[in-house]
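Structure file query_5.cif (mmCIF, C-alpha atoms) follows.
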```cif
data_data
loop_
_atom_site.label_atom_id
_atom_site.label_comp_id
_atom_site.auth_asym_id
_atom_site.auth_seq_id
_atom_site.Cartn_x
_atom_site.Cartn_y
_atom_site.Cartn_z
CA MET K 1 0.00 0.00 0.00
CA GLN K 2 1.38 3.39 -0.96
CA THR K 3 1.23 6.35 1.40
CA LYS K 4 0.21 9.76 0.11
CA ILE K 5 0.05 12.82 2.34
CA THR K 6 -1.33 16.14 1.13
CA VAL K 7 -1.05 19.22 3.35
CA VAL K 8 -4.31 21.22 3.17
CA LYS K 9 -5.22 24.76 4.20
CA PRO K 10 -6.63 25.23 7.75
CA GLU K 11 -10.15 25.99 6.42
CA ILE K 12 -10.35 22.59 4.70
CA PRO K 13 -11.27 19.72 7.05
CA GLU K 14 -8.65 17.03 7.63
CA VAL K 15 -9.60 13.68 6.09
CA LEU K 16 -7.88 10.32 6.22
CA GLU K 17 -8.90 8.34 3.18
CA ILE K 18 -7.89 4.74 2.61
CA ARG K 19 -8.17 3.34 -0.91
CA CYS K 20 -7.95 -0.42 -0.88
CA HIS K 21 -9.04 -3.50 -2.84
CA ARG K 22 -10.66 -5.08 0.20
CA ILE K 23 -11.04 -4.32 3.91
CA GLY K 24 -8.61 -6.75 5.49
CA ASP K 25 -6.82 -6.95 8.87
CA GLU K 26 -4.19 -4.41 7.82
CA VAL K 27 -6.83 -1.79 6.99
CA ARG K 28 -8.76 -2.56 10.18
CA GLU K 29 -5.58 -2.06 12.23
CA ILE K 30 -4.98 1.34 10.60
CA ILE K 31 -8.59 2.37 11.29
CA ALA K 32 -8.34 1.12 14.90
CA PHE K 33 -5.13 3.09 15.43
CA VAL K 34 -6.62 6.32 14.06
CA LYS K 35 -9.78 5.93 16.15
CA SER K 36 -7.78 5.20 19.30
CA ARG K 37 -5.83 8.43 18.70
CA GLN K 38 -9.21 10.18 18.67
CA GLY K 39 -10.27 8.61 21.97
CA GLN K 40 -12.19 5.68 20.52
CA PHE K 41 -11.41 2.02 20.20
CA THR K 42 -12.79 -0.58 17.87
CA GLY K 43 -13.55 -3.79 19.73
CA TYR K 44 -14.71 -7.15 18.44
CA SER K 45 -17.10 -9.45 20.23
CA ASP K 46 -19.17 -12.35 18.81
CA ASP K 47 -18.18 -11.45 15.23
CA ALA K 48 -19.57 -7.95 15.65
CA GLN K 49 -17.67 -4.68 15.72
CA TYR K 50 -18.20 -2.05 18.44
CA GLU K 51 -16.96 1.47 19.05
CA ILE K 52 -15.87 2.06 22.64
CA ALA K 53 -15.02 5.46 24.11
CA VAL K 54 -11.87 5.72 26.28
CA GLY K 55 -13.99 6.94 29.21
CA ASP K 56 -15.89 3.62 29.26
CA ILE K 57 -12.78 1.44 29.45
CA PHE K 58 -11.94 -0.13 32.81
CA TYR K 59 -8.76 -1.96 31.81
CA PHE K 60 -6.90 -3.77 29.05
CA GLU K 61 -5.51 -7.25 29.41
CA SER K 62 -3.15 -9.24 27.27
CA VAL K 63 -3.75 -13.00 27.12
CA ASP K 64 -1.94 -15.38 24.73
CA ASN K 65 -0.79 -12.57 22.44
CA LYS K 66 -4.33 -11.17 22.18
CA THR K 67 -5.43 -7.91 23.74
CA PHE K 68 -8.79 -7.55 25.45
CA LEU K 69 -10.62 -4.40 26.46
CA TYR K 70 -12.88 -4.51 29.52
CA THR K 71 -15.78 -2.16 30.11
CA GLU K 72 -18.19 -2.32 33.05
CA SER K 73 -19.95 -5.42 31.75
CA ASN K 74 -18.40 -6.38 28.40
CA VAL K 75 -15.15 -7.73 27.01
CA TYR K 76 -13.90 -6.98 23.51
CA GLU K 77 -10.87 -8.08 21.59
CA ILE K 78 -8.86 -5.25 20.09
CA LYS K 79 -6.07 -5.06 17.54
CA GLN K 80 -3.52 -2.95 19.45
CA LYS K 81 -0.77 -4.36 21.62
CA LEU K 82 -0.55 -3.51 25.30
CA TYR K 83 2.70 -1.52 24.95
CA GLU K 84 1.13 0.59 22.18
CA LEU K 85 -1.89 1.31 24.38
CA GLU K 86 0.37 2.16 27.33
CA GLU K 87 2.16 4.77 25.23
CA MET K 88 -1.06 6.06 23.66
CA LEU K 89 -3.02 6.40 26.92
CA ALA K 90 -0.32 7.53 29.34
CA GLU K 91 -1.83 11.03 29.51
CA LYS K 92 -5.33 9.64 30.16
CA HIS K 93 -4.58 8.08 33.57
CA PHE K 94 -4.03 4.59 32.25
CA LEU K 95 -1.26 2.81 34.09
CA ARG K 96 0.52 -0.49 33.58
CA VAL K 97 -0.10 -2.49 36.78
CA SER K 98 1.27 -5.85 35.73
CA LYS K 99 2.97 -7.52 32.80
CA SER K 100 -0.44 -8.21 31.28
CA ALA K 101 -2.74 -5.38 32.44
CA LEU K 102 -3.19 -1.68 31.77
CA LEU K 103 -5.56 -0.08 34.23
CA ASN K 104 -7.75 3.03 34.01
CA LEU K 105 -7.10 4.72 37.38
CA MET K 106 -10.35 6.67 37.00
CA LYS K 107 -12.29 3.38 37.30
CA VAL K 108 -10.66 2.18 40.53
CA SER K 109 -12.77 2.40 43.67
CA ALA K 110 -10.15 1.19 46.16
CA ILE K 111 -6.69 -0.29 46.56
CA ARG K 112 -6.31 -3.19 48.95
CA PRO K 113 -3.27 -5.01 50.26
CA ALA K 114 -2.65 -8.51 48.97
CA PHE K 115 -0.40 -11.40 49.82
CA ASN K 116 3.06 -11.53 48.26
CA SER K 117 3.97 -7.77 48.11
CA ARG K 118 1.09 -7.12 45.75
CA PHE K 119 -1.91 -4.84 45.87
CA ILE K 120 -5.39 -5.38 44.49
CA ALA K 121 -7.26 -2.66 42.59
CA VAL K 122 -10.99 -2.96 43.16
CA LEU K 123 -12.85 -1.45 40.23
CA PHE K 124 -16.25 0.27 40.26
CA SER K 125 -17.59 -2.78 38.41
CA GLY K 126 -16.58 -4.96 41.36
CA GLU K 127 -13.81 -6.66 39.39
CA GLN K 128 -10.35 -6.95 40.91
CA VAL K 129 -7.07 -6.39 39.09
CA VAL K 130 -3.72 -7.42 40.56
CA ILE K 131 -1.03 -4.75 40.90
CA THR K 132 2.27 -6.60 40.95
CA ARG K 133 5.12 -5.35 43.13
CA LYS K 134 7.21 -4.23 40.15
CA TYR K 135 4.55 -1.67 39.21
CA VAL K 136 3.77 -0.41 42.74
CA PRO K 137 6.40 2.41 42.61
CA ALA K 138 4.90 3.65 39.31
CA LEU K 139 1.44 3.63 40.88
CA LYS K 140 2.66 5.64 43.87
CA GLN K 141 4.31 8.11 41.54
CA ALA K 142 1.17 8.43 39.38
CA LEU K 143 -1.02 9.03 42.43
CA LYS K 144 1.36 11.64 43.78
CA GLY K 145 0.84 13.47 40.51
CA ASP K 146 4.39 12.98 39.25
CA LYS K 147 3.17 11.25 36.12
CA MET M 1 10.54 -4.47 45.98
CA THR M 2 13.97 -3.14 45.10
CA PHE M 3 16.95 -4.21 47.20
CA LYS M 4 17.14 -0.69 48.65
CA GLU M 5 13.49 -0.86 49.79
CA PHE M 6 14.16 -4.31 51.19
CA LEU M 7 17.11 -2.97 53.20
CA ILE M 8 14.97 -0.13 54.59
CA SER M 9 12.27 -2.61 55.63
CA ARG M 10 14.97 -4.75 57.32
CA VAL M 11 16.11 -1.77 59.38
CA GLN M 12 12.50 -1.19 60.44
CA LEU M 13 12.17 -4.85 61.35
CA PHE M 14 15.40 -4.67 63.34
CA PHE M 15 14.01 -1.92 65.57
CA PHE M 16 10.67 -3.74 65.95
CA LEU M 17 12.56 -6.83 67.04
CA VAL M 18 14.83 -4.99 69.47
CA THR M 19 11.78 -3.50 71.21
CA LEU M 20 9.94 -6.80 71.33
CA ILE M 21 13.00 -8.75 72.52
CA PHE M 22 13.48 -6.23 75.36
CA ALA M 23 9.83 -6.71 76.34
CA VAL M 24 10.04 -10.51 76.15
CA SER M 25 13.34 -10.56 78.09
CA MET M 26 11.70 -8.53 80.83
CA ILE M 27 8.69 -10.89 81.03
CA LEU M 28 10.81 -14.07 80.95
CA GLY M 29 13.28 -12.60 83.43
CA LEU M 30 10.51 -11.75 85.84
CA ILE M 31 9.11 -15.30 85.58
CA PHE M 32 12.33 -17.32 85.73
CA THR M 33 14.98 -15.20 87.45
CA PRO M 34 13.30 -12.22 89.14
CA GLU M 35 16.20 -11.85 91.60
CA GLN M 36 18.94 -11.63 88.95
CA GLU M 37 20.53 -8.28 88.23
CA LEU M 38 21.79 -7.30 84.80
CA HIS M 39 24.95 -5.48 83.82
CA TYR M 40 25.13 -2.79 81.17
CA TYR M 41 27.03 -5.04 78.77
CA GLN M 42 24.08 -7.48 78.79
CA LEU M 43 21.95 -4.85 77.09
CA ILE M 44 23.84 -5.66 73.88
CA GLY M 45 22.04 -9.04 73.82
CA PRO M 46 18.73 -7.90 72.24
CA PHE M 47 20.61 -5.91 69.57
CA LEU M 48 22.80 -8.89 68.72
CA ILE M 49 19.89 -11.35 68.55
CA ALA M 50 17.75 -8.91 66.52
CA ALA M 51 20.64 -8.37 64.09
CA LEU M 52 21.14 -12.13 63.65
CA CYS M 53 17.38 -12.60 63.19
CA VAL M 54 17.23 -9.83 60.60
CA LEU M 55 20.14 -11.45 58.75
CA THR M 56 18.07 -14.63 58.45
CA THR M 57 15.25 -12.66 56.80
CA PHE M 58 17.45 -12.11 53.74
CA VAL M 59 16.27 -15.63 52.84
CA SER M 60 12.90 -14.07 52.04
CA TYR M 61 14.22 -11.57 49.48
CA PHE M 62 13.20 -12.20 45.87
CA ARG M 63 14.40 -10.22 42.88
CA LYS M 64 11.54 -11.60 40.79
CA GLU M 65 8.02 -12.00 42.10
CA PRO M 66 7.69 -15.36 43.88
CA SER M 67 4.73 -17.70 43.79
CA VAL M 68 2.67 -18.12 46.97
CA TRP M 69 4.30 -21.50 47.66
CA GLN M 70 7.82 -20.13 47.17
CA LEU M 71 6.95 -17.39 49.61
CA VAL M 72 5.52 -19.76 52.21
CA LEU M 73 8.59 -22.02 51.87
CA ARG M 74 11.09 -19.16 52.23
CA HIS M 75 9.24 -17.73 55.23
CA SER M 76 9.15 -21.17 56.88
CA ILE M 77 12.94 -21.53 56.37
CA GLN M 78 13.36 -18.04 57.76
CA LEU M 79 11.31 -18.85 60.87
CA ILE M 80 13.35 -22.04 61.46
CA LEU M 81 16.59 -20.05 61.15
CA ILE M 82 15.33 -17.44 63.60
CA GLU M 83 14.31 -20.18 66.05
CA LEU M 84 17.79 -21.69 65.73
CA VAL M 85 19.51 -18.35 66.30
CA VAL M 86 17.46 -17.54 69.37
CA VAL M 87 17.47 -21.00 70.96
CA THR M 88 21.22 -21.39 70.47
CA GLN M 89 22.17 -17.84 71.44
CA ILE M 90 20.19 -17.51 74.67
CA THR M 91 21.52 -19.57 77.56
CA PRO M 92 18.90 -21.04 79.87
CA PRO M 93 19.04 -20.00 83.56
CA VAL M 94 21.26 -22.26 85.71
CA ASP M 95 18.58 -23.15 88.27
CA GLY M 96 15.73 -23.76 85.77
CA ASN M 97 14.89 -26.67 83.47
CA PRO M 98 16.77 -25.91 80.19
CA MET M 99 14.36 -27.93 78.04
CA VAL M 100 11.25 -26.15 79.39
CA PHE M 101 13.03 -22.83 78.96
CA ARG M 102 13.91 -23.61 75.32
CA ILE M 103 10.34 -24.74 74.52
CA ILE M 104 8.90 -21.56 76.02
CA LEU M 105 11.52 -19.50 74.22
CA GLY M 106 10.70 -21.20 70.91
CA ALA M 107 7.00 -20.48 71.42
CA VAL M 108 7.76 -16.86 72.29
CA VAL M 109 9.89 -16.48 69.15
CA PHE M 110 7.01 -17.88 67.10
CA ALA M 111 4.61 -15.38 68.72
CA VAL M 112 7.06 -12.51 68.11
CA TYR M 113 7.45 -13.58 64.47
CA LEU M 114 3.68 -13.57 64.02
CA LEU M 115 3.40 -10.17 65.69
CA ALA M 116 6.16 -8.69 63.50
CA SER M 117 4.46 -10.10 60.37
CA LEU M 118 1.17 -8.62 61.57
CA MET M 119 2.82 -5.23 61.99
CA LEU M 120 4.26 -5.38 58.47
CA TRP M 121 0.82 -6.32 57.16
CA LEU M 122 -0.67 -3.40 59.09
CA GLN M 123 1.92 -1.10 57.52
CA LYS M 124 0.86 -2.35 54.07
CA TYR M 125 -2.81 -1.88 54.98
CA ILE M 126 -2.11 1.75 55.96
CA GLN M 127 -0.17 2.21 52.72
CA SER M 128 -3.13 0.91 50.69
CA LYS M 129 -5.50 3.26 52.55
CA LYS M 130 -3.20 6.17 51.70
CA LEU M 131 -3.06 5.11 48.04
CA THR M 132 -6.88 4.92 47.94
CA GLU M 133 -7.13 8.45 49.38
CA GLN M 134 -4.65 9.76 46.78
CA LEU M 135 -6.64 7.97 44.08
CA LYS M 136 -9.88 9.64 45.20
CA LYS M 137 -8.18 13.05 45.05
CA LEU M 138 -6.91 12.31 41.55
CA GLN M 139 -10.38 11.22 40.42
CA GLN M 140 -12.03 14.31 41.95
CA SER M 141 -9.54 16.66 40.34
CA ASN M 142 -10.20 15.07 36.93
CA SER M 143 -13.98 14.72 37.12
#
```

Could the structure of this file be written out as structure tokens, please?
Amino acid sequence: MQTKITVVKPEIPEVLEIRCHRIGDEVREIIAFVKSRQGQFTGYSDDAQYEIAVGDIFYFESVDNKTFLYTESNVYEIKQKLYELEEMLAEKHFLRVSKSALLNLMKVSAIRPAFNSRFIAVLFSGEQVVITRKYVPALKQALKGDK
Amino acid sequence: MTFKEFLISRVQLFFFLVTLIFAVSMILGLIFTPEQELHYYQLIGPFLIAALCVLTTFVSYFRKEPSVWQLVLRHSIQLILIELVVVTQITPPVDGNPMVFRIILGAVVFAVYLLASLMLWLQKYIQSKKLTEQLKKLQQSNS
């Protein structure tokens, strides 16, 4: 696929147009990336496609090389990798809390101590996400407002 | 936990232990040898025992996160080492039964170990409460 960029005048609206022979995984990934930059994610569940706003996301989890997005009551598979999301959402109070989870701090109702130098984040949905000891200093820093 | 944080927590544990060993020595002394007088140099005892006990806790340090069973195993080894240090380092009173004294001492060490672990847990509980408060502030400031 060739890339063509045309700089337009400020009065002309910005448009991202994709010209392709068919809508495959590559095109879907590009669309998902652009939407995520605009605060929206494309999630897949039961062969259907859904648009999810960043504000509705509780956390992301990576399982067997697949990334899942969790809202209050639904789970969707998404195309992005966890490290990409971490970079993309750092300014939106999303924090890596374990090797496999990226948590939305705005959806956490309480932090509880756990066995084995860990903490547990209790979400407003009632779900619990483990904060492993490696990520505890980053959490403290984020809550102090350093991040 | 980084090694630096681990060292800081060991220093805290050392002072907890010194305080508790002083208290336990006083109680045991009053029960077994209330008439005995101590010299200043004997005050070094609790510091020495606490230091040896803290050294044994280095068994429980993990660079990578351990599983629950690894943790239980390491803490059990640690407790056994502490028991050994204390039972071998403290001489039973001459006029008492040494075996009874050692059994009581072993039980006391076990109780002290539990109490110290409880205090560390309490410290973590307070830390989690503080983190929750900071989290609420962050959420309020961004809502």

If we count only C-alpha atoms, which residues of chain K reach to within 12 Å of chain M? Please list them as a PyMOL selection string. chain K and resi 55+91-93+98-99+104-123+131-147

Please identify all polymer residues within 10 Å of Ala50 in chain M, counting all atoms listed in the file, omitting same-chain residues fewer than 3 positions from it, and present them as number ranges by chain. M: 13-21, 45-47, 53-56, 82, 85-86

Interface rows for range 59-85 of chain K against range 26-36 of chain K: nearest pair, Å to one decimal, 10 Å, all atoms listed in the file, as CSV:
```
residue,atom,partner,partner_atom,distance
K:Ile78,CA,K:Ala32,CA,8.2
K:Lys79,CA,K:Glu29,CA,6.1
K:Gln80,CA,K:Phe33,CA,7.4
K:Glu84,CA,K:Phe33,CA,9.5
K:Leu85,CA,K:Ser36,CA,8.7
```

Nearest residue to Asp64 in chain K out of K:Ser125, K:Ser100, K:Thr6, K:Gln40, using all atoms listed in the file? K:Ser100

CA of Thr67 in chain K sits from CA of Arg22 in chain K at a separation of 24.3 Å

How would you write as a PyMOL selection string the residues that get within 12 Å of (17.5, -11.9, 55.3) in the file's frame, counting all atoms listed in the file? chain M and resi 3+6-7+9-11+13-14+50-62+74-75+77-79+81-82

Would you mind listing what lies within 10 Å of Glu72 in chain K as a ChimeraX atom specification, with all atoms listed in the file counted and same-chain residues fewer than 2 positions away left out? /K:56-59,70,74-75,107,123-127

Once the PyMOL selection byres ((chain M and resi 107) around 12) is applied to the coordinates I shared, what remains selected? I want it as a VMD selection string. chain M and resid 24 79 to 80 82 to 83 86 to 87 100 to 106 108 to 114

Please produce a file of those selected residues containing C-alpha atoms, as a PDB file, keeping the file's coordinate frame.
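Written output follows (selection29.pdb):
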```
ATOM      1  CA  VAL M  24      10.040 -10.510  76.150  1.00  0.00           C
ATOM      2  CA  LEU M  79      11.310 -18.850  60.870  1.00  0.00           C
ATOM      3  CA  ILE M  80      13.350 -22.040  61.460  1.00  0.00           C
ATOM      4  CA  ILE M  82      15.330 -17.440  63.600  1.00  0.00           C
ATOM      5  CA  GLU M  83      14.310 -20.180  66.050  1.00  0.00           C
ATOM      6  CA  VAL M  86      17.460 -17.540  69.370  1.00  0.00           C
ATOM      7  CA  VAL M  87      17.470 -21.000  70.960  1.00  0.00           C
ATOM      8  CA  VAL M 100      11.250 -26.150  79.390  1.00  0.00           C
ATOM      9  CA  PHE M 101      13.030 -22.830  78.960  1.00  0.00           C
ATOM     10  CA  ARG M 102      13.910 -23.610  75.320  1.00  0.00           C
ATOM     11  CA  ILE M 103      10.340 -24.740  74.520  1.00  0.00           C
ATOM     12  CA  ILE M 104       8.900 -21.560  76.020  1.00  0.00           C
ATOM     13  CA  LEU M 105      11.520 -19.500  74.220  1.00  0.00           C
ATOM     14  CA  GLY M 106      10.700 -21.200  70.910  1.00  0.00           C
ATOM     15  CA  VAL M 108       7.760 -16.860  72.290  1.00  0.00           C
ATOM     16  CA  VAL M 109       9.890 -16.480  69.150  1.00  0.00           C
ATOM     17  CA  PHE M 110       7.010 -17.880  67.100  1.00  0.00           C
ATOM     18  CA  ALA M 111       4.610 -15.380  68.720  1.00  0.00           C
ATOM     19  CA  VAL M 112       7.060 -12.510  68.110  1.00  0.00           C
ATOM     20  CA  TYR M 113       7.450 -13.580  64.470  1.00  0.00           C
ATOM     21  CA  LEU M 114       3.680 -13.570  64.020  1.00  0.00           C
TER      22      LEU M 114
END
```

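The coordinates place CA of Phe22 in chain M at 20.6 Å from CA of Val94 in chain M.
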
Ranking K:Gln2, K:Tyr83, K:Glu77, K:Phe60 by minimum distance to Ser45 in chain K and counting only C-alpha atoms, which one comes first?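 Closest to Ser45 in chain K, using only C-alpha atoms: K:Glu77.
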
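Here the question is which of K:Val7, K:Leu102, K:Leu16, K:Met1 gets nearest to Glu61 in chain K using only C-alpha atoms, and that residue is K:Leu102.
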
Just the number, please: distance in Å from CA of Gln49 in chain K to CA of Ser62 in chain K, one decimal.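 Taking CA of Gln49 in chain K and CA of Ser62 in chain K, their separation equals 19.1 Å.
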